[in-house]
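**Q** Just dropping this structure here.
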Amino acid sequence: MTVKRVKNQLVQLVVGVSVSMSAMMANAAIQPPEMDNTAYVLMDYNTGEILAQKNANEALPPASLTKMMTSYIIEQRLASGDLKEDDQVLMSPNAWCRGSSSQSCMYVPVNKTASVLDMLRGIIIQSGNDASKAMAEHIAGSEASFAILMNEQAEKLGMENTHFVNSTGMPDEGHRASALDLAKLSRAIIKNSGDYYGLYAEKEFTYNGITQGNRNALLATDPTVDGLKTGHTDAAGYCLAASSKRDGMRLISVIMGTESPQARADQSRELLNWGFGHFTTVTKAPAGQFVSKVPVWFGETDEIELVTGDNLQILTSKTQKNKITTVVDIPESLEAPIKKGQNIGKMMAVIDGKAVASVPVIATSDIEQSGFLSRTWQRVVRWVQSFF
């Protein structure tokens, strides 16, 4: 690392940056793919940046992609302890279904119970409408009350073009979600659901003697794909939210309104391959990387080490990754007292002369004030230095 000192204590580093996708794609002349669907989104998981989109904010029938919100709420209740995996959930006559060409079922017998964990698998893997309704009733008393919780959670996640009416995604005039909102939800599941996210990669689940396969065809053809959910109704078409992780980079794709199960799988694969083909993520400045030593006035020690307070993970086009620099903006000196972890400045990522991202630069230790006589002497020294 090369250090260059100037009046305002700038440290010049060679690292990368997460730049504006619109500017980056324009500079690199990257054209998003054209596909025959109603809407799609490709999101970088780490930054939340949108790499490509079509009708991303259009509120559309989400079909069983709805169940991602149902499963997310269950997962958060499990994480908080409000639900236990072995809690028994009643399959009420209202929630029970025999199965038909118009809906998917887990096939828990009416007036019988299944554990929360089995119900969760039934929702994620088998896309069970019965399991979704039974869990909605178990958590909120009714599906309508559960929909209120779904919408509250959607608001927290910034899902601005979404309104849930039921827990399943069965057709309803007021039941809508956008591709961008469903990508945000997918990201939250991956980030916040802990080990339960592993359920989204399971290829089959057997309950009540009936084995059903996960309808996400990418799980069988691409080992880098580990989620998330399929959906289909006549109004929604064939939909798929998918996620893939390759070489430390994770992408999320949402495809809505294709004509067949094959089309949604093919288009998801094409979109993910396009993203991984054009973009890359690199960690050039990990959290805790040494930045500089800075003089300290009026302290028990006369200098302090500064480090990066977070990872500077870089999302960039492959054609632009070698054109990016950063600068670290820190003061020439500091005054005690200083607390360990205190924010002292920032490392800024720069492209074409503009700062486009940053991470904090922090103190590595506590420094208490020195005694009265020492502080008085340092003030005299500082006064004298001011004349030079």
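In the structure tokens, each chain is lettered A, B, ... as it comes, each chain's residues begin at 1, and ligands are numbered from 1 in order of appearance.
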Return as a PyMOL selection string the full set of residues in segment 8-220 of chain A whose backbone-based DSSP assignment is alpha helix (DSSP H).
**A** chain A and resi 21-28+67-80+116-124+129-140+143-156+179-192+218-220
**Q** Do you know which residues are at most 10 Å from Pro93 of chain A counting only C-alpha atoms, after dropping those on the same chain fewer than 3 positions away, and could you put them as a compact mmCIF listing (two decimals) with all heavy atoms, in the first residue's frame?
**A**
# COMPACT_ATOMS: atom_id res chain seq x y z
N LEU A 90 -52.32 -26.96 13.64
CA LEU A 90 -53.55 -27.63 13.21
C LEU A 90 -53.86 -27.33 11.75
O LEU A 90 -53.76 -26.20 11.29
CB LEU A 90 -54.73 -27.17 14.07
CG LEU A 90 -56.11 -27.73 13.70
CD1 LEU A 90 -56.16 -29.24 13.99
CD2 LEU A 90 -57.21 -26.98 14.44
N TRP A 96 -57.31 -26.78 4.86
CA TRP A 96 -57.11 -28.09 4.23
C TRP A 96 -57.45 -28.05 2.75
O TRP A 96 -58.37 -27.37 2.30
CB TRP A 96 -57.99 -29.11 4.94
CG TRP A 96 -57.94 -30.49 4.37
CD1 TRP A 96 -56.87 -31.32 4.29
CD2 TRP A 96 -59.05 -31.21 3.81
NE1 TRP A 96 -57.23 -32.52 3.73
CE2 TRP A 96 -58.56 -32.48 3.41
CE3 TRP A 96 -60.39 -30.91 3.60
CZ2 TRP A 96 -59.38 -33.45 2.83
CZ3 TRP A 96 -61.21 -31.87 3.01
CH2 TRP A 96 -60.70 -33.12 2.63
N CYS A 97 -56.70 -28.81 1.95
CA CYS A 97 -57.04 -28.95 0.54
C CYS A 97 -56.76 -30.36 0.07
O CYS A 97 -55.86 -31.03 0.57
CB CYS A 97 -56.29 -27.94 -0.33
SG CYS A 97 -54.51 -28.20 -0.43
N PRO A 109 -53.56 -34.16 6.72
CA PRO A 109 -54.99 -34.49 6.86
C PRO A 109 -55.75 -33.43 7.65
O PRO A 109 -55.20 -32.80 8.56
CB PRO A 109 -54.97 -35.83 7.61
CG PRO A 109 -53.63 -36.42 7.30
CD PRO A 109 -52.70 -35.25 7.21
N VAL A 110 -57.01 -33.23 7.30
CA VAL A 110 -57.84 -32.24 7.97
C VAL A 110 -57.98 -32.59 9.45
O VAL A 110 -58.07 -33.76 9.84
CB VAL A 110 -59.22 -32.14 7.29
CG1 VAL A 110 -60.01 -33.43 7.44
CG2 VAL A 110 -60.02 -30.95 7.86
N ASN A 111 -57.89 -31.56 10.29
CA ASN A 111 -57.99 -31.65 11.75
C ASN A 111 -56.83 -32.43 12.38
O ASN A 111 -56.89 -32.77 13.56
CB ASN A 111 -59.33 -32.26 12.18
CG ASN A 111 -60.50 -31.34 11.87
OD1 ASN A 111 -60.37 -30.11 11.97
ND2 ASN A 111 -61.62 -31.92 11.47
N LYS A 112 -55.78 -32.67 11.62
CA LYS A 112 -54.56 -33.24 12.16
C LYS A 112 -53.51 -32.13 12.28
O LYS A 112 -53.71 -31.00 11.82
CB LYS A 112 -54.03 -34.37 11.27
CG LYS A 112 -54.99 -35.52 11.10
CD LYS A 112 -55.24 -36.25 12.43
CE LYS A 112 -56.13 -37.46 12.23
NZ LYS A 112 -56.40 -38.17 13.51
N ASP A 130 -52.14 -25.35 1.62
CA ASP A 130 -52.70 -25.75 2.90
C ASP A 130 -51.74 -25.41 4.04
O ASP A 130 -52.15 -24.89 5.09
CB ASP A 130 -53.06 -27.24 2.91
CG ASP A 130 -51.94 -28.15 2.38
OD1 ASP A 130 -50.90 -27.63 1.95
OD2 ASP A 130 -52.14 -29.38 2.42
N ALA A 134 -52.52 -22.79 7.05
CA ALA A 134 -52.49 -23.29 8.42
C ALA A 134 -51.51 -22.48 9.27
O ALA A 134 -51.81 -22.15 10.43
CB ALA A 134 -52.10 -24.77 8.43
**Q** Counting only C-alpha atoms, which residues of segment 209-287 of chain A fall within 9 Å of segment 175-195 of chain A, and what is the closest atom pair for each with its distance in Å at one decimal, ordered by chain and rising number, as a Markdown table?
**A**
| residue | atom | partner | partner_atom | distance |
| --- | --- | --- | --- | --- |
| A:Gly227 | CA | A:Ser186 | CA | 8.9 |
| A:Leu228 | CA | A:Ser186 | CA | 7.3 |
| A:Ala241 | CA | A:Ala183 | CA | 7.4 |
| A:Ala242 | CA | A:Ser186 | CA | 8.3 |
| A:Ser243 | CA | A:Ser186 | CA | 8.3 |
| A:Ile252 | CA | A:Ala183 | CA | 6.6 |
| A:Ser253 | CA | A:Ala183 | CA | 6.9 |
| A:Val254 | CA | A:Ala179 | CA | 5.9 |
| A:Ile255 | CA | A:Ala179 | CA | 7.2 |
| A:Met256 | CA | A:Ala179 | CA | 7.0 |
**Q** Determine the nearest neighbour of Leu78 of chain A from the options A:Gly209, A:Asn273, A:Gly248, A:Tyr196, counting only C-alpha atoms.
**A**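 Under the stated criterion, the closest residue is A:Tyr196.
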**Q** What is the distance between atom CA of Thr224 of chain A and atom CA of Glu49 of chain A, in Å to one decimal?
**A**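 Computed distance, atom CA of Thr224 of chain A to atom CA of Glu49 of chain A, equals 20.2 Å.
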**Q** As a PyMOL selection string, please: all residues of segment 42-236 of chain A that backbone DSSP puts in strand (DSSP E).
**A** chain A and resi 42-44+50-54+88-90+113-115+204-207+210-213+225-233
**Q** May I ask for the distance between atom CA of Glu58 of chain A and atom CA of Asn214 of chain A, given in Å to one decimal place?
**A**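 Between these atoms lies a distance of 27.3 Å.
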**Q** Which of these, A:Asp82, A:Glu332, A:Asp222, A:Asp87, has the shortest distance to Ala265 of chain A once you count only C-alpha atoms?
**A** A:Asp222
**Q** So how far away is atom CA of Pro61 of chain A from atom CA of Glu152 of chain A, in Å?
**A**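 These atoms are spaced 18.9 Å apart.
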**Q** Find, counting only C-alpha atoms, the residue in A:Ala355, A:Leu65, A:Ile30, A:Ile344 that gets nearest to Leu240 of chain A.
**A**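 Ranked by minimum distance to Leu240 of chain A, first place goes to A:Leu65.
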**Q** Please list as an MDAnalysis selection string every residue within 9 Å of Ser260 of chain A, counting only C-alpha atoms and excluding residues in the same chain fewer than 4 positions away.
**A** chainID A and resid 237:239 264:265
**Q** Selected residues, C-alpha atoms, written as a PDB file, in the first residue's frame, please.
**A**
ATOM      1  CA  GLY A 237     -47.713 -16.811 -15.769  1.00  0.00           C
ATOM      2  CA  TYR A 238     -44.699 -18.846 -14.729  1.00  0.00           C
ATOM      3  CA  CYS A 239     -42.442 -17.065 -12.228  1.00  0.00           C
ATOM      4  CA  ARG A 264     -38.752 -19.427 -16.506  1.00  0.00           C
ATOM      5  CA  ALA A 265     -35.813 -21.763 -15.863  1.00  0.00           C
TER       6      ALA A 265
END
**Q** Quick one: residues within 10 Å of Pro223 of chain A, only C-alpha atoms, excluding same-chain residues fewer than 5 positions away - as a PyMOL selection string?
**A** chain A and resi 201+218+244-246
**Q** Excluding same-chain residues fewer than 2 positions from Lys84 of chain A, what lies within 12 Å of it counting only C-alpha atoms, as a list in words?
**A**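 With the cut-off at 12 Å, the set is Ile74, Glu75, Gln76, Arg77, Leu78, Ala79, Ser80, Gly81, Asp82, Asp86, Asp87, Gln88, Val89, Ser115, Val116, Leu117, Asp118, Met119, Leu120 and Ile139 of chain A.
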**Q** What does the file look like for those residues with N, CA and C atoms, as a PDB file, in the first residue's frame?
**A**
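The file below, again_39.pdb, is the result:
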ATOM      1  N   ILE A  74     -42.369 -16.799   9.158  1.00  0.00           N
ATOM      2  CA  ILE A  74     -42.184 -17.986   9.996  1.00  0.00           C
ATOM      3  C   ILE A  74     -40.732 -18.088  10.454  1.00  0.00           C
ATOM      4  N   GLU A  75     -39.809 -17.879   9.548  1.00  0.00           N
ATOM      5  CA  GLU A  75     -38.379 -17.975   9.882  1.00  0.00           C
ATOM      6  C   GLU A  75     -37.965 -16.954  10.922  1.00  0.00           C
ATOM      7  N   GLN A  76     -38.509 -15.748  10.819  1.00  0.00           N
ATOM      8  CA  GLN A  76     -38.175 -14.725  11.810  1.00  0.00           C
ATOM      9  C   GLN A  76     -38.799 -15.038  13.172  1.00  0.00           C
ATOM     10  N   ARG A  77     -39.974 -15.635  13.172  1.00  0.00           N
ATOM     11  CA  ARG A  77     -40.592 -16.058  14.440  1.00  0.00           C
ATOM     12  C   ARG A  77     -39.794 -17.194  15.074  1.00  0.00           C
ATOM     13  N   LEU A  78     -39.268 -18.076  14.252  1.00  0.00           N
ATOM     14  CA  LEU A  78     -38.417 -19.148  14.772  1.00  0.00           C
ATOM     15  C   LEU A  78     -37.124 -18.567  15.345  1.00  0.00           C
ATOM     16  N   ALA A  79     -36.549 -17.611  14.655  1.00  0.00           N
ATOM     17  CA  ALA A  79     -35.294 -17.011  15.112  1.00  0.00           C
ATOM     18  C   ALA A  79     -35.475 -16.266  16.425  1.00  0.00           C
ATOM     19  N   SER A  80     -36.628 -15.638  16.615  1.00  0.00           N
ATOM     20  CA  SER A  80     -36.886 -14.866  17.834  1.00  0.00           C
ATOM     21  C   SER A  80     -37.340 -15.736  19.004  1.00  0.00           C
ATOM     22  N   GLY A  81     -37.701 -16.994  18.716  1.00  0.00           N
ATOM     23  CA  GLY A  81     -38.199 -17.883  19.761  1.00  0.00           C
ATOM     24  C   GLY A  81     -39.704 -17.847  19.930  1.00  0.00           C
ATOM     25  N   ASP A  82     -40.391 -17.016  19.154  1.00  0.00           N
ATOM     26  CA  ASP A  82     -41.857 -16.971  19.240  1.00  0.00           C
ATOM     27  C   ASP A  82     -42.486 -18.259  18.717  1.00  0.00           C
ATOM     28  N   ASP A  86     -40.742 -27.688  16.731  1.00  0.00           N
ATOM     29  CA  ASP A  86     -41.627 -28.828  16.990  1.00  0.00           C
ATOM     30  C   ASP A  86     -43.005 -28.431  17.474  1.00  0.00           C
ATOM     31  N   ASP A  87     -43.333 -27.133  17.488  1.00  0.00           N
ATOM     32  CA  ASP A  87     -44.704 -26.714  17.782  1.00  0.00           C
ATOM     33  C   ASP A  87     -45.657 -27.377  16.790  1.00  0.00           C
ATOM     34  N   GLN A  88     -46.801 -27.846  17.286  1.00  0.00           N
ATOM     35  CA  GLN A  88     -47.772 -28.510  16.423  1.00  0.00           C
ATOM     36  C   GLN A  88     -48.791 -27.514  15.885  1.00  0.00           C
ATOM     37  N   VAL A  89     -49.051 -27.598  14.589  1.00  0.00           N
ATOM     38  CA  VAL A  89     -49.939 -26.658  13.896  1.00  0.00           C
ATOM     39  C   VAL A  89     -51.122 -27.430  13.336  1.00  0.00           C
ATOM     40  N   SER A 115     -45.673 -30.379  12.514  1.00  0.00           N
ATOM     41  CA  SER A 115     -44.762 -29.458  13.190  1.00  0.00           C
ATOM     42  C   SER A 115     -44.532 -28.213  12.342  1.00  0.00           C
ATOM     43  N   VAL A 116     -44.106 -27.140  13.011  1.00  0.00           N
ATOM     44  CA  VAL A 116     -43.783 -25.899  12.304  1.00  0.00           C
ATOM     45  C   VAL A 116     -42.710 -26.145  11.245  1.00  0.00           C
ATOM     46  N   LEU A 117     -41.696 -26.930  11.586  1.00  0.00           N
ATOM     47  CA  LEU A 117     -40.612 -27.172  10.630  1.00  0.00           C
ATOM     48  C   LEU A 117     -41.108 -27.945   9.412  1.00  0.00           C
ATOM     49  N   ASP A 118     -41.977 -28.938   9.628  1.00  0.00           N
ATOM     50  CA  ASP A 118     -42.552 -29.654   8.486  1.00  0.00           C
ATOM     51  C   ASP A 118     -43.429 -28.731   7.651  1.00  0.00           C
ATOM     52  N   MET A 119     -44.206 -27.893   8.308  1.00  0.00           N
ATOM     53  CA  MET A 119     -45.040 -26.940   7.579  1.00  0.00           C
ATOM     54  C   MET A 119     -44.169 -26.002   6.749  1.00  0.00           C
ATOM     55  N   LEU A 120     -43.042 -25.556   7.324  1.00  0.00           N
ATOM     56  CA  LEU A 120     -42.149 -24.654   6.595  1.00  0.00           C
ATOM     57  C   LEU A 120     -41.592 -25.343   5.357  1.00  0.00           C
ATOM     58  N   ILE A 139     -50.324 -18.346  13.433  1.00  0.00           N
ATOM     59  CA  ILE A 139     -49.598 -17.150  13.872  1.00  0.00           C
ATOM     60  C   ILE A 139     -50.536 -15.993  14.176  1.00  0.00           C
TER      61      ILE A 139
END
